[in-house]
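Source file: coords_17.txt; contents: compact mmCIF, C-alpha atoms and all ligand atoms.
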```
# COMPACT_ATOMS: atom_id res chain seq x y z
CA MET A 1125 0.00 0.00 0.00
CA ALA A 1126 1.28 3.47 -0.86
CA GLN A 1127 2.54 5.64 1.97
CA ILE A 1128 0.94 9.05 2.23
CA LEU A 1129 2.80 11.99 3.74
CA PHE A 1130 1.33 15.53 3.74
CA ASP A 1131 -1.52 14.05 1.64
CA LEU A 1132 1.05 13.31 -1.09
CA GLU A 1133 2.02 9.82 -2.18
CA SER A 1134 5.43 8.88 -0.84
CA MET A 1135 7.75 6.36 -2.41
CA GLN A 1136 9.70 5.99 0.82
CA HIS A 1137 9.60 3.58 3.75
CA GLU A 1138 7.46 4.87 6.64
CA LYS A 1139 10.52 5.35 8.87
CA THR A 1140 12.55 7.27 6.30
CA ILE A 1141 11.87 10.77 7.61
CA PHE A 1142 13.00 9.76 11.11
CA ASN A 1143 16.27 8.50 9.66
CA PHE A 1144 16.67 11.81 7.87
CA GLU A 1145 16.18 13.48 11.26
CA LYS A 1146 19.19 11.50 12.53
CA LEU A 1147 21.20 12.62 9.52
CA PHE A 1148 20.15 16.24 10.15
CA GLU A 1149 21.08 15.98 13.85
CA GLN A 1150 24.63 15.11 12.81
CA ASN A 1151 24.93 17.40 9.80
CA LYS A 1152 23.87 21.00 9.30
CA PHE A 1153 23.19 21.16 5.58
CA ASP A 1154 23.13 24.41 3.63
CA MET A 1155 21.64 22.78 0.56
CA ILE A 1156 19.67 19.64 -0.27
CA ILE A 1157 19.47 18.42 -3.87
CA GLU A 1158 16.84 15.77 -4.51
CA ILE A 1159 17.01 13.98 -7.86
CA GLY A 1160 13.53 12.60 -8.53
CA THR A 1161 10.62 14.55 -7.04
CA ALA A 1162 7.61 12.41 -8.05
CA TRP A 1163 4.59 13.58 -6.01
CA GLY A 1164 6.89 15.62 -3.80
CA SER A 1165 6.15 14.33 -0.30
CA LEU A 1166 9.83 14.00 0.61
CA THR A 1167 10.44 17.35 -1.08
CA VAL A 1168 7.89 18.96 1.26
CA PHE A 1169 9.61 17.33 4.25
CA PHE A 1170 12.92 18.79 3.02
CA GLY A 1171 11.15 22.13 2.45
CA VAL A 1172 10.06 22.28 6.10
CA TYR A 1173 13.62 21.42 7.18
CA GLY A 1174 14.88 24.14 4.82
CA ILE A 1175 12.63 26.78 6.37
CA ILE A 1176 13.54 25.83 9.94
CA LYS A 1177 17.26 25.35 9.36
CA HIS A 1178 17.89 27.90 6.60
CA CYS A 1179 18.80 25.31 4.02
CA ALA A 1180 18.23 25.75 0.26
CA ILE A 1181 16.13 22.99 -1.32
CA TYR A 1182 16.37 21.94 -4.97
CA SER A 1183 14.36 19.09 -6.45
CA PHE A 1184 14.65 17.88 -10.04
CA ASP A 1185 12.31 15.71 -12.05
CA ILE A 1186 12.03 14.98 -15.74
CA ALA A 1187 8.23 15.04 -15.41
CA HIS A 1188 6.20 17.85 -13.94
CA PRO A 1189 4.33 16.64 -10.81
CA GLN A 1190 1.18 18.16 -12.28
CA THR A 1191 1.12 15.37 -14.85
CA LEU A 1192 0.74 12.75 -12.11
CA PRO A 1193 -2.78 11.53 -11.35
CA ARG A 1194 -2.76 12.44 -7.64
CA ALA A 1195 -2.26 15.36 -5.30
CA TYR A 1196 1.11 16.83 -6.19
CA LEU A 1197 3.70 19.41 -5.30
CA THR A 1198 2.11 22.66 -6.46
CA GLN A 1199 3.83 25.96 -7.24
CA GLU A 1200 2.04 27.41 -4.21
CA ILE A 1201 3.65 24.81 -1.91
CA CYS A 1202 7.03 25.44 -3.54
CA ASP A 1203 6.66 29.21 -3.04
CA LYS A 1204 5.59 28.87 0.61
CA LEU A 1205 8.40 26.45 1.46
CA ALA A 1206 11.01 28.10 -0.80
CA ILE A 1207 11.45 24.86 -2.73
CA ASN A 1208 13.22 25.19 -6.07
CA PHE A 1209 11.53 22.60 -8.29
CA ILE A 1210 13.25 22.23 -11.65
CA CYS A 1211 11.66 20.18 -14.39
CA GLY A 1212 14.21 18.55 -16.69
CA ASP A 1213 16.43 15.58 -17.41
CA VAL A 1214 19.27 15.50 -14.86
CA PHE A 1215 21.52 13.93 -17.51
CA SER A 1216 21.03 16.76 -19.99
CA SER A 1217 24.10 19.00 -20.18
CA GLU A 1218 22.15 22.04 -18.95
CA ILE A 1219 20.66 20.39 -15.84
CA SER A 1220 23.69 18.29 -14.95
CA GLU A 1221 25.89 21.42 -15.12
CA LYS A 1222 23.38 23.23 -12.90
CA ILE A 1223 23.50 20.44 -10.32
CA LYS A 1224 27.32 20.35 -10.40
CA ASN A 1225 27.44 24.13 -9.93
CA LEU A 1226 25.00 23.92 -7.02
CA ILE A 1227 27.15 21.26 -5.34
CA ASN A 1228 30.22 23.39 -5.97
CA SER A 1229 28.68 26.48 -4.43
CA ASN A 1230 29.48 27.30 -0.82
CA GLY A 1231 28.11 25.26 2.04
CA LYS A 1232 27.47 21.69 3.03
CA CYS A 1233 25.38 19.80 0.53
CA LEU A 1234 23.23 16.65 0.63
CA VAL A 1235 22.58 14.94 -2.71
CA LEU A 1236 19.82 12.32 -2.82
CA CYS A 1237 19.86 10.14 -5.94
CA ASP A 1238 16.27 8.98 -6.39
CA GLY A 1239 15.64 9.44 -10.11
CA GLY A 1240 15.41 6.93 -12.92
CA ASP A 1241 19.04 5.75 -12.96
CA LYS A 1242 20.50 5.94 -9.47
CA ILE A 1243 23.81 4.34 -10.41
CA ARG A 1244 24.46 6.88 -13.13
CA GLU A 1245 23.30 9.77 -10.93
CA PHE A 1246 25.56 8.72 -8.05
CA ASN A 1247 28.61 8.17 -10.25
CA LEU A 1248 28.08 11.45 -12.09
CA PHE A 1249 27.40 13.78 -9.17
CA ALA A 1250 29.77 12.17 -6.62
CA LEU A 1251 32.63 13.66 -8.66
CA SER A 1252 31.50 17.19 -7.74
CA LEU A 1253 31.23 16.67 -3.98
CA LYS A 1254 33.21 18.82 -1.57
CA CYS A 1255 34.72 17.59 1.67
CA GLY A 1256 31.86 17.13 4.19
CA ASP A 1257 29.10 16.80 1.59
CA VAL A 1258 26.86 13.72 1.72
CA ILE A 1259 25.52 11.69 -1.21
CA MET A 1260 22.97 8.91 -0.88
CA ALA A 1261 20.82 6.74 -3.11
CA HIS A 1262 17.36 5.32 -2.55
CA ASP A 1263 16.87 1.56 -3.12
CA TYR A 1264 20.51 0.95 -2.19
CA CYS A 1265 21.79 -2.25 -0.65
CA TYR A 1266 25.46 -3.06 0.04
CA ASP A 1267 25.13 -6.35 -1.79
CA LYS A 1268 21.92 -7.55 -3.33
CA ASN A 1269 22.90 -11.22 -3.11
CA PRO A 1270 20.80 -12.23 -0.10
CA VAL A 1271 22.16 -15.76 0.20
CA LYS A 1272 25.83 -14.97 0.65
CA ASN A 1273 25.63 -11.65 2.37
CA MET A 1274 22.57 -11.32 4.59
CA THR A 1275 23.53 -10.67 8.18
CA PRO A 1276 20.96 -11.54 10.88
CA GLY A 1277 18.35 -8.82 11.18
CA HIS A 1278 19.29 -7.26 7.86
CA ILE A 1279 16.30 -6.31 5.74
CA LEU A 1280 16.77 -6.41 1.99
CA PRO A 1281 15.10 -3.44 0.27
CA GLN A 1282 12.09 -4.41 -1.79
CA TYR A 1283 13.54 -3.03 -5.00
CA VAL A 1284 17.32 -2.98 -5.05
CA GLU A 1285 18.50 -0.64 -7.81
CA ILE A 1286 22.02 0.12 -6.68
CA GLN A 1287 24.66 -1.75 -4.71
CA TYR A 1288 28.15 -0.94 -3.48
CA SER A 1289 29.94 -2.55 -6.41
CA ASP A 1290 28.11 -0.10 -8.72
CA ILE A 1291 29.66 2.90 -6.98
CA LYS A 1292 32.93 1.51 -5.61
CA ASP A 1293 35.12 3.25 -8.20
CA ALA A 1294 33.53 6.64 -7.53
CA ALA A 1295 33.67 6.02 -3.76
CA ASP A 1296 37.41 5.23 -3.99
CA LYS A 1297 38.15 8.12 -6.33
CA CYS A 1298 36.26 10.65 -4.19
CA ASN A 1299 37.37 9.21 -0.80
CA LEU A 1300 33.76 8.64 0.25
CA GLU A 1301 33.10 7.19 3.69
CA PHE A 1302 30.01 5.33 4.92
CA HIS A 1303 27.79 7.49 7.11
CA LEU A 1304 24.79 6.24 9.15
CA ASN A 1305 24.46 3.25 6.83
CA ASP A 1306 23.03 1.06 9.59
CA ASN A 1307 20.17 3.54 10.04
CA PHE A 1308 19.44 3.92 6.38
CA ASP A 1309 19.79 0.18 5.62
CA GLU A 1310 16.44 -0.39 7.32
CA VAL A 1311 14.62 2.09 5.10
CA ALA A 1312 16.56 1.71 1.85
C1 LIG B 1 11.37 7.03 -7.32
S1 LIG B 1 10.65 8.46 -7.98
C2 LIG B 1 11.14 9.73 -6.83
C3 LIG B 1 10.51 9.55 -5.46
C4 LIG B 1 10.58 10.73 -4.54
N1 LIG B 1 11.95 11.14 -4.26
C5 LIG B 1 9.89 10.37 -3.22
O1 LIG B 1 10.59 10.18 -2.21
O2 LIG B 1 8.66 10.27 -3.19
C6 LIG B 1 11.69 8.73 -9.36
C7 LIG B 1 11.41 10.00 -10.15
O3 LIG B 1 12.54 10.23 -10.99
C8 LIG B 1 12.09 10.86 -12.15
N2 LIG B 1 13.12 10.70 -13.21
C9 LIG B 1 13.37 9.61 -13.97
N3 LIG B 1 14.39 9.86 -14.82
C10 LIG B 1 14.78 11.14 -14.61
C11 LIG B 1 15.76 11.99 -15.20
N4 LIG B 1 16.57 11.54 -16.18
N5 LIG B 1 15.89 13.25 -14.74
C12 LIG B 1 15.09 13.70 -13.75
N6 LIG B 1 14.13 12.94 -13.14
C13 LIG B 1 13.98 11.68 -13.57
C14 LIG B 1 10.76 10.20 -12.46
O4 LIG B 1 9.95 11.04 -13.26
C15 LIG B 1 10.19 9.93 -11.06
O5 LIG B 1 9.25 10.92 -10.68
```

Turn this file's structure into structure tokens for me.
Ligand SMILES: C[S@@+](CC[C@H](N)C(=O)[O-])C[C@H]1O[C@@H](n2cnc3c(N)ncnc32)[C@H](O)[C@@H]1O
Amino acid sequence: MAQILFDLESMQHEKTIFNFEKLFEQNKFDMIIEIGTAWGSLTVFFGVYGIIKHCAIYSFDIAHPQTLPRAYLTQEICDKLAINFICGDVFSSEISEKIKNLINSNGKCLVLCDGGDKIREFNLFALSLKCGDVIMAHDYCYDKNPVKNMTPGHILPQYVEIQYSDIKDAADKCNLEFHLNDNFDEVA
């Protein structure tokens, strides 16, 4: 059954926002970049965080939420919560340059890869991260082979779209470190 948050359909696990709270407790972000807005429930959550903590919020989607057959992120919500919704393909040169420039601007940045090709998004935008920035991907699992690698209590995400081997080269190249992975494993 779909999760509803702020009367908007959410594509996240019901505990996700509480895990973001843990991330926010440990990191004061100046900017959040969400790739993949969909109905915008997580975007609204980020928007509220942005208002309270003075953090700029950008959300990108190739489709306009208005084309979705449900309640959606309206321009009025974006205006009230100072959400920058940008409609476009994140792999187009114009939008990918915009995202790289945003990451490169001053301040601590969180990049959430939740669009149509999380592996490509992660590998592309990880290269622009600054020291202290955080990048994450939805539907991530360290290793999607459940037989060899399941540890007791580990929950395999319903739809694994990205695993560590997909991003290892970028992680090595950019000196990425794991951060709160135990928390996010349960909601991946
Ligand atoms: C899994 S949904 C996002 C869910 C949303 N973050 C949430 O938590 O509810 C993925 C979204 O990525 C968008 N998308 C797919 N390919 C894209 C692309 N190349 N550029 C931008 N958005 C894309 C889709 O239109 C879809 O709305």

Item to check | Among listed residues A:Val1172, A:Leu1248, A:Cys1202, A:Cys1255, nearest A:Phe1215 (using all atoms listed in the file) | outcome: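 Closest to A:Phe1215, using all atoms listed in the file: A:Leu1248.
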
Item to check | Residue neighbourhood stretch 1147-1149 of chain A, 12 Å, all atoms listed in the file, exclusion window fewer than 6 positions, as a PyMOL selection string | outcome: chain A and resi 1140-1141+1155-1156+1170+1173-1174+1176-1177+1179+1232-1234+1257-1260+1303-1308

Take the residues from that selection and put them in a file with C-alpha atoms, as a CSV table (one decimal), in the frame of the given file.
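Saved as again_18.csv:
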```
chain,number,residue,atom,x,y,z
A,1140,THR,CA,12.6,7.3,6.3
A,1141,ILE,CA,11.9,10.8,7.6
A,1155,MET,CA,21.6,22.8,0.6
A,1156,ILE,CA,19.7,19.6,-0.3
A,1170,PHE,CA,12.9,18.8,3.0
A,1173,TYR,CA,13.6,21.4,7.2
A,1174,GLY,CA,14.9,24.1,4.8
A,1176,ILE,CA,13.5,25.8,9.9
A,1177,LYS,CA,17.3,25.4,9.4
A,1179,CYS,CA,18.8,25.3,4.0
A,1232,LYS,CA,27.5,21.7,3.0
A,1233,CYS,CA,25.4,19.8,0.5
A,1234,LEU,CA,23.2,16.6,0.6
A,1257,ASP,CA,29.1,16.8,1.6
A,1258,VAL,CA,26.9,13.7,1.7
A,1259,ILE,CA,25.5,11.7,-1.2
A,1260,MET,CA,23.0,8.9,-0.9
A,1303,HIS,CA,27.8,7.5,7.1
A,1304,LEU,CA,24.8,6.2,9.2
A,1305,ASN,CA,24.5,3.2,6.8
A,1306,ASP,CA,23.0,1.1,9.6
A,1307,ASN,CA,20.2,3.5,10.0
A,1308,PHE,CA,19.4,3.9,6.4
```

Can you tell me, as an mmCIF file with C-alpha atoms, in the coordinates of the input, what residues are no more than 8 Å from A:Lys1242 when counting only C-alpha atoms, ignoring any on the same chain fewer than 6 positions away?
```
data_model
loop_
_atom_site.group_PDB
_atom_site.id
_atom_site.type_symbol
_atom_site.label_atom_id
_atom_site.label_comp_id
_atom_site.auth_asym_id
_atom_site.auth_seq_id
_atom_site.Cartn_x
_atom_site.Cartn_y
_atom_site.Cartn_z
ATOM 1 C CA ALA A 1261 20.820 6.740 -3.110
ATOM 2 C CA HIS A 1262 17.360 5.320 -2.550
ATOM 3 C CA GLU A 1285 18.500 -0.640 -7.810
ATOM 4 C CA ILE A 1286 22.020 0.120 -6.680
#
```

Next on the checklist: Could you list, as a PyMOL selection string, all protein and nucleic acid residues with an atom at most 10 Å from ligand LIG 1 (chain B), counting only C-alpha atoms and all ligand atoms?
Outcome noted: chain A and resi 1127-1129+1132-1137+1140-1141+1158-1169+1183-1189+1191-1192+1210-1216+1219-1220+1236-1242+1244-1245+1261-1263

Next on the checklist: List as an NGL selection string the residues having at least one atom at most 12 Å from position (37.5, 7.8, -2.4) as given in the file, counting all atoms listed in the file.
Outcome noted: :A and (1247 or 1250-1251 or 1253-1255 or 1291-1302)

Could you complete stretch 1135-1149 of chain A so that it carries N, CA and C atoms, and give it back as an mmCIF file, keeping the file's coordinate frame?
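The file below, out_27.cif, is the result:
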```
data_model
loop_
_atom_site.group_PDB
_atom_site.id
_atom_site.type_symbol
_atom_site.label_atom_id
_atom_site.label_comp_id
_atom_site.auth_asym_id
_atom_site.auth_seq_id
_atom_site.Cartn_x
_atom_site.Cartn_y
_atom_site.Cartn_z
ATOM 1 N N MET A 1135 7.147 7.593 -1.918
ATOM 2 C CA MET A 1135 7.750 6.360 -2.410
ATOM 3 C C MET A 1135 8.813 5.871 -1.430
ATOM 4 N N GLN A 1136 8.707 6.342 -0.190
ATOM 5 C CA GLN A 1136 9.700 5.990 0.820
ATOM 6 C C GLN A 1136 9.099 5.071 1.881
ATOM 7 N N HIS A 1137 9.972 4.381 2.586
ATOM 8 C CA HIS A 1137 9.600 3.580 3.750
ATOM 9 C C HIS A 1137 9.039 4.522 4.826
ATOM 10 N N GLU A 1138 8.118 3.995 5.639
ATOM 11 C CA GLU A 1138 7.460 4.870 6.640
ATOM 12 C C GLU A 1138 8.420 5.462 7.666
ATOM 13 N N LYS A 1139 9.586 4.820 7.861
ATOM 14 C CA LYS A 1139 10.520 5.350 8.870
ATOM 15 C C LYS A 1139 11.550 6.304 8.273
ATOM 16 N N THR A 1140 11.487 6.510 6.975
ATOM 17 C CA THR A 1140 12.550 7.270 6.300
ATOM 18 C C THR A 1140 12.761 8.646 6.911
ATOM 19 N N ILE A 1141 11.671 9.380 7.165
ATOM 20 C CA ILE A 1141 11.870 10.770 7.610
ATOM 21 C C ILE A 1141 12.555 10.813 8.981
ATOM 22 N N PHE A 1142 12.336 9.757 9.796
ATOM 23 C CA PHE A 1142 13.000 9.760 11.110
ATOM 24 C C PHE A 1142 14.493 9.479 10.956
ATOM 25 N N ASN A 1143 14.850 8.723 9.941
ATOM 26 C CA ASN A 1143 16.270 8.500 9.660
ATOM 27 C C ASN A 1143 16.909 9.765 9.096
ATOM 28 N N PHE A 1144 16.142 10.521 8.312
ATOM 29 C CA PHE A 1144 16.670 11.810 7.870
ATOM 30 C C PHE A 1144 16.886 12.734 9.069
ATOM 31 N N GLU A 1145 15.991 12.655 10.057
ATOM 32 C CA GLU A 1145 16.180 13.480 11.260
ATOM 33 C C GLU A 1145 17.529 13.176 11.910
ATOM 34 N N LYS A 1146 17.892 11.874 11.950
ATOM 35 C CA LYS A 1146 19.190 11.500 12.530
ATOM 36 C C LYS A 1146 20.328 12.095 11.713
ATOM 37 N N LEU A 1147 20.176 12.035 10.393
ATOM 38 C CA LEU A 1147 21.200 12.620 9.520
ATOM 39 C C LEU A 1147 21.312 14.126 9.780
ATOM 40 N N PHE A 1148 20.150 14.787 9.944
ATOM 41 C CA PHE A 1148 20.150 16.240 10.150
ATOM 42 C C PHE A 1148 20.693 16.613 11.533
ATOM 43 N N GLU A 1149 20.501 15.717 12.516
ATOM 44 C CA GLU A 1149 21.080 15.980 13.850
ATOM 45 C C GLU A 1149 22.596 16.051 13.758
#
```
